[in-house]
Amino acid sequence: MSQQGPACVTCREKCRKCDRTRPSCKRCSSKGLVCKGYPEKFRFCGLATRGKWKNQTAPTSTSAAPQNFPQVPIQHGPLVDDQGSFSVITPSDHAMSQVSSPSPSAAWQPPDHKSVELDDVLMLDRTEVLLRHLLRLDIIRSFASPRRLCFSQDLRETISSLSGIEFEQVNGCPRKLFLLMGRILEHGKAHSEGGLNDSQLRCLLESARFELYTWNANDGKYPDNDKRWMAIAEAFRHACILYTSRLIDMGQPAESAIIQISVTAILDHVAEIPADCYLLELLVMPLFIAGADALSPYTRHYVIMRLDNIKAMAGVGNELIRVLLKSVWDARGNQKKHDKSNIPWMWFTRDNSSDRENDYLII
């Protein structure tokens, strides 16, 4: 039976499509070849075998060797880097912020001080964890402009298929929604680079939005049976719907029913998570997306209150989120009475000192 996951070693070596049948690939059997099986961990099959990395090895202990990551307890809380970059807050963010650099004497050394193949380094458990972390941040920064999306959809799907339930535990967003959002951003990137015209983009986004509307939270995979995971999933789903609606028509007034229905749904599902529950920290991104289109004073107050709940729990907060929200709210407050034109939050992430139209400072 065909399964998801990496191709078998033999098919990789032959540079052909694998049917991923386990325990042995049927394509190998049909060719009279011995299937060498499947890698236990995710690896970049091409990075160390093609192009400038061909036959290259990882540094030895006599040079800039990779360093061991100390074991640290996972703590939950927001994180702001030195440049004030905005990011969705998840448990892995704070945990990684607590990792201190070992002394030079503690540098990782290969057995018998021999060089290690770069592929071996990429097979390490921490490499897969880091890739999941980077993929999530890649999605987030692309919210300011899809053209900033760096990783391919194939890579996202590979990491998703090889990850256990910790994927949802770290991201909050169910992987199917995560992959769908990645596909939506890919469409936006293709459009910005001239690969799709307006009508093609709209057709693809309408189809993706329909998938989001029809996705059932009961079909998601969750770390445990706590029903609050489904509330988190629904908050992410409506955040994706809201952002997709904005991509379809960026000028749509915030007062539009399709916008406010999503805003209300996000905040209703966030309300299901108590202030003292660490799961609330997974919802910074949906809170921000909803807050950017919040219209009434009490709705905006609720968004800030929930962000304060996260700050109180984690002991640190991301003030840039507040700055962006306040910038949008103040700009809307300064509009003329009958002016209902939209003010996207992305406007306030641009470098006004630059002549480039899409020069973004953050995210």
# chains A, B, ... in the order shown; residues from 1 in each chain; ligands from 1
>>> residues_around(residues="A:Gly220", least_positions_apart="6", cutoff="10 Å", atoms="only C-alpha atoms", output="JSON list (two decimals) with all heavy atoms, in the first residue's frame")
[["chain", "number", "residue", "atom", "x", "y", "z"],
["A", 168, "GLU", "N", 1.67, 19.81, 15.82],
["A", 168, "GLU", "CA", 0.55, 20.60, 16.32],
["A", 168, "GLU", "C", 0.85, 21.19, 17.69],
["A", 168, "GLU", "O", 0.39, 22.28, 18.02],
["A", 168, "GLU", "CB", -0.71, 19.73, 16.39],
["A", 168, "GLU", "CG", -1.40, 19.49, 15.05],
["A", 168, "GLU", "CD", -0.69, 18.48, 14.17],
["A", 168, "GLU", "OE1", 0.22, 17.79, 14.65],
["A", 168, "GLU", "OE2", -1.05, 18.39, 12.98],
["A", 173, "CYS", "N", -1.50, 25.30, 14.98],
["A", 173, "CYS", "CA", -2.28, 25.15, 13.75],
["A", 173, "CYS", "C", -2.18, 23.72, 13.23],
["A", 173, "CYS", "O", -1.07, 23.22, 13.04],
["A", 173, "CYS", "CB", -1.74, 26.13, 12.69],
["A", 173, "CYS", "SG", -2.64, 26.10, 11.13],
["A", 174, "PRO", "N", -3.31, 23.04, 13.00],
["A", 174, "PRO", "CA", -3.27, 21.69, 12.43],
["A", 174, "PRO", "C", -2.51, 21.69, 11.11],
["A", 174, "PRO", "O", -2.59, 22.63, 10.32],
["A", 174, "PRO", "CB", -4.76, 21.35, 12.22],
["A", 174, "PRO", "CG", -5.46, 22.18, 13.25],
["A", 174, "PRO", "CD", -4.69, 23.46, 13.31],
["A", 175, "ARG", "N", -1.79, 20.62, 10.86],
["A", 175, "ARG", "CA", -0.89, 20.62, 9.70],
["A", 175, "ARG", "C", -1.61, 20.77, 8.37],
["A", 175, "ARG", "O", -1.07, 21.35, 7.43],
["A", 175, "ARG", "CB", -0.01, 19.37, 9.71],
["A", 175, "ARG", "CG", -0.71, 18.07, 9.49],
["A", 175, "ARG", "CD", 0.22, 16.90, 9.77],
["A", 175, "ARG", "NE", 0.49, 16.81, 11.19],
["A", 175, "ARG", "CZ", 1.44, 16.02, 11.72],
["A", 175, "ARG", "NH1", 2.20, 15.30, 10.93],
["A", 175, "ARG", "NH2", 1.61, 15.96, 13.02],
["A", 176, "LYS", "N", -2.83, 20.24, 8.27],
["A", 176, "LYS", "CA", -3.55, 20.39, 7.00],
["A", 176, "LYS", "C", -3.84, 21.87, 6.72],
["A", 176, "LYS", "O", -3.71, 22.33, 5.58],
["A", 176, "LYS", "CB", -4.87, 19.59, 7.03],
["A", 176, "LYS", "CG", -5.59, 19.61, 5.69],
["A", 176, "LYS", "CD", -6.76, 18.65, 5.66],
["A", 176, "LYS", "CE", -7.44, 18.66, 4.29],
["A", 176, "LYS", "NZ", -8.58, 17.72, 4.24],
["A", 177, "LEU", "N", -4.23, 22.63, 7.76],
["A", 177, "LEU", "CA", -4.45, 24.06, 7.59],
["A", 177, "LEU", "C", -3.13, 24.77, 7.30],
["A", 177, "LEU", "O", -3.07, 25.71, 6.50],
["A", 177, "LEU", "CB", -5.10, 24.65, 8.83],
["A", 177, "LEU", "CG", -6.52, 24.19, 9.16],
["A", 177, "LEU", "CD1", -7.03, 24.93, 10.39],
["A", 177, "LEU", "CD2", -7.46, 24.43, 7.99],
["A", 229, "TRP", "N", -8.04, 21.98, 22.10],
["A", 229, "TRP", "CA", -7.25, 21.94, 20.88],
["A", 229, "TRP", "C", -8.11, 22.23, 19.65],
["A", 229, "TRP", "O", -7.65, 22.85, 18.69],
["A", 229, "TRP", "CB", -6.58, 20.57, 20.72],
["A", 229, "TRP", "CG", -5.40, 20.37, 21.60],
["A", 229, "TRP", "CD1", -5.30, 19.57, 22.69],
["A", 229, "TRP", "CD2", -4.11, 21.01, 21.47],
["A", 229, "TRP", "NE1", -4.05, 19.65, 23.26],
["A", 229, "TRP", "CE2", -3.30, 20.54, 22.54],
["A", 229, "TRP", "CE3", -3.57, 21.93, 20.57],
["A", 229, "TRP", "CZ2", -1.97, 20.94, 22.70],
["A", 229, "TRP", "CZ3", -2.25, 22.33, 20.75],
["A", 229, "TRP", "CH2", -1.48, 21.85, 21.79],
["A", 230, "MET", "N", -9.37, 21.80, 19.70],
["A", 230, "MET", "CA", -10.26, 22.06, 18.58],
["A", 230, "MET", "C", -10.62, 23.54, 18.51],
["A", 230, "MET", "O", -10.79, 24.10, 17.42],
["A", 230, "MET", "CB", -11.52, 21.20, 18.70],
["A", 230, "MET", "CG", -11.24, 19.71, 18.55],
["A", 230, "MET", "SD", -12.73, 18.68, 18.63],
["A", 230, "MET", "CE", -13.59, 19.23, 17.17],
["A", 233, "ALA", "N", -7.74, 25.11, 16.83],
["A", 233, "ALA", "CA", -7.79, 24.81, 15.40],
["A", 233, "ALA", "C", -8.80, 25.72, 14.69],
["A", 233, "ALA", "O", -8.53, 26.23, 13.59],
["A", 233, "ALA", "CB", -8.16, 23.34, 15.18]]
>>> residues_around(residues="A:Gly164", least_positions_apart="5", cutoff="10 Å", atoms="only C-alpha atoms", output="ChimeraX atom specification")
/A:159,169,221,223
>>> atom_distance(atom1="atom CA of A:Ala239", atom2="atom CA of A:Arg332")
20.7 Å
>>> residues_around(residues="A:Gly333", least_positions_apart="5", cutoff="10 Å", atoms="only C-alpha atoms", output="MDAnalysis selection string")
chainID A and resid 295 327:328
>>> write_last_selection(atoms="C-alpha atoms", output="short mmCIF file (atom, residue, chain, number, x, y, z; two decimals), in the first residue's frame")
data_model
loop_
_atom_site.label_atom_id
_atom_site.label_comp_id
_atom_site.auth_asym_id
_atom_site.auth_seq_id
_atom_site.Cartn_x
_atom_site.Cartn_y
_atom_site.Cartn_z
CA LEU A 295 -13.83 47.87 14.81
CA SER A 327 -1.30 52.13 14.11
CA VAL A 328 -4.17 50.50 12.22
#
>>> closest_residue(among="A:Glu206, A:Asp19, A:Asp276, A:Glu319", to="A:His187", atoms="only C-alpha atoms")
A:Glu206
>>> atom_distance(atom1="atom CA of A:His269", atom2="atom CA of A:Leu242")
14.5 Å
>>> closest_residue(among="A:Leu196, A:Leu325, A:Ala275, A:Ile343", to="A:Lys311", atoms="only C-alpha atoms")
A:Ala275
>>> residues_around(residues="A:Ser296", least_positions_apart="6", cutoff="12 Å", atoms="only C-alpha atoms", output="PyMOL selection string")
chain A and resi 254-255+260+263-264+302-303+329+332-333
>>> write_last_selection(atoms="N, CA, C and O atoms", output="mmCIF file, in the first residue's frame")
data_model
loop_
_atom_site.group_PDB
_atom_site.id
_atom_site.type_symbol
_atom_site.label_atom_id
_atom_site.label_comp_id
_atom_site.auth_asym_id
_atom_site.auth_seq_id
_atom_site.Cartn_x
_atom_site.Cartn_y
_atom_site.Cartn_z
ATOM 1 N N ALA A 254 -13.379 46.885 6.292
ATOM 2 C CA ALA A 254 -13.395 46.038 7.478
ATOM 3 C C ALA A 254 -14.819 45.774 7.940
ATOM 4 O O ALA A 254 -15.087 44.770 8.614
ATOM 5 N N GLU A 255 -15.727 46.676 7.580
ATOM 6 C CA GLU A 255 -17.133 46.506 7.976
ATOM 7 C C GLU A 255 -17.845 45.394 7.214
ATOM 8 O O GLU A 255 -18.956 45.000 7.583
ATOM 9 N N GLN A 260 -16.065 40.553 9.226
ATOM 10 C CA GLN A 260 -16.466 40.571 10.629
ATOM 11 C C GLN A 260 -16.930 39.209 11.146
ATOM 12 O O GLN A 260 -16.789 38.913 12.333
ATOM 13 N N VAL A 263 -13.704 37.659 12.164
ATOM 14 C CA VAL A 263 -13.191 38.308 13.374
ATOM 15 C C VAL A 263 -13.920 37.773 14.605
ATOM 16 O O VAL A 263 -13.298 37.382 15.600
ATOM 17 N N THR A 264 -15.243 37.734 14.537
ATOM 18 C CA THR A 264 -16.049 37.256 15.661
ATOM 19 C C THR A 264 -15.750 35.789 15.971
ATOM 20 O O THR A 264 -15.615 35.401 17.135
ATOM 21 N N TYR A 302 -10.783 43.705 24.167
ATOM 22 C CA TYR A 302 -10.695 42.275 24.428
ATOM 23 C C TYR A 302 -9.399 41.705 23.851
ATOM 24 O O TYR A 302 -8.736 40.874 24.488
ATOM 25 N N VAL A 303 -9.038 42.133 22.626
ATOM 26 C CA VAL A 303 -7.803 41.653 22.011
ATOM 27 C C VAL A 303 -6.603 42.009 22.887
ATOM 28 O O VAL A 303 -5.734 41.161 23.158
ATOM 29 N N TRP A 329 -5.606 50.997 14.131
ATOM 30 C CA TRP A 329 -6.793 51.575 14.780
ATOM 31 C C TRP A 329 -6.780 53.096 14.719
ATOM 32 O O TRP A 329 -7.814 53.719 14.469
ATOM 33 N N ARG A 332 -7.616 54.254 11.173
ATOM 34 C CA ARG A 332 -9.055 54.130 10.885
ATOM 35 C C ARG A 332 -9.839 55.219 11.623
ATOM 36 O O ARG A 332 -10.831 55.733 11.115
ATOM 37 N N GLY A 333 -9.373 55.570 12.830
ATOM 38 C CA GLY A 333 -10.053 56.618 13.583
ATOM 39 C C GLY A 333 -9.912 57.985 12.940
ATOM 40 O O GLY A 333 -10.759 58.863 13.164
#
>>> atom_distance(atom1="atom CA of A:Arg228", atom2="atom CA of A:Leu267")
13.8 Å
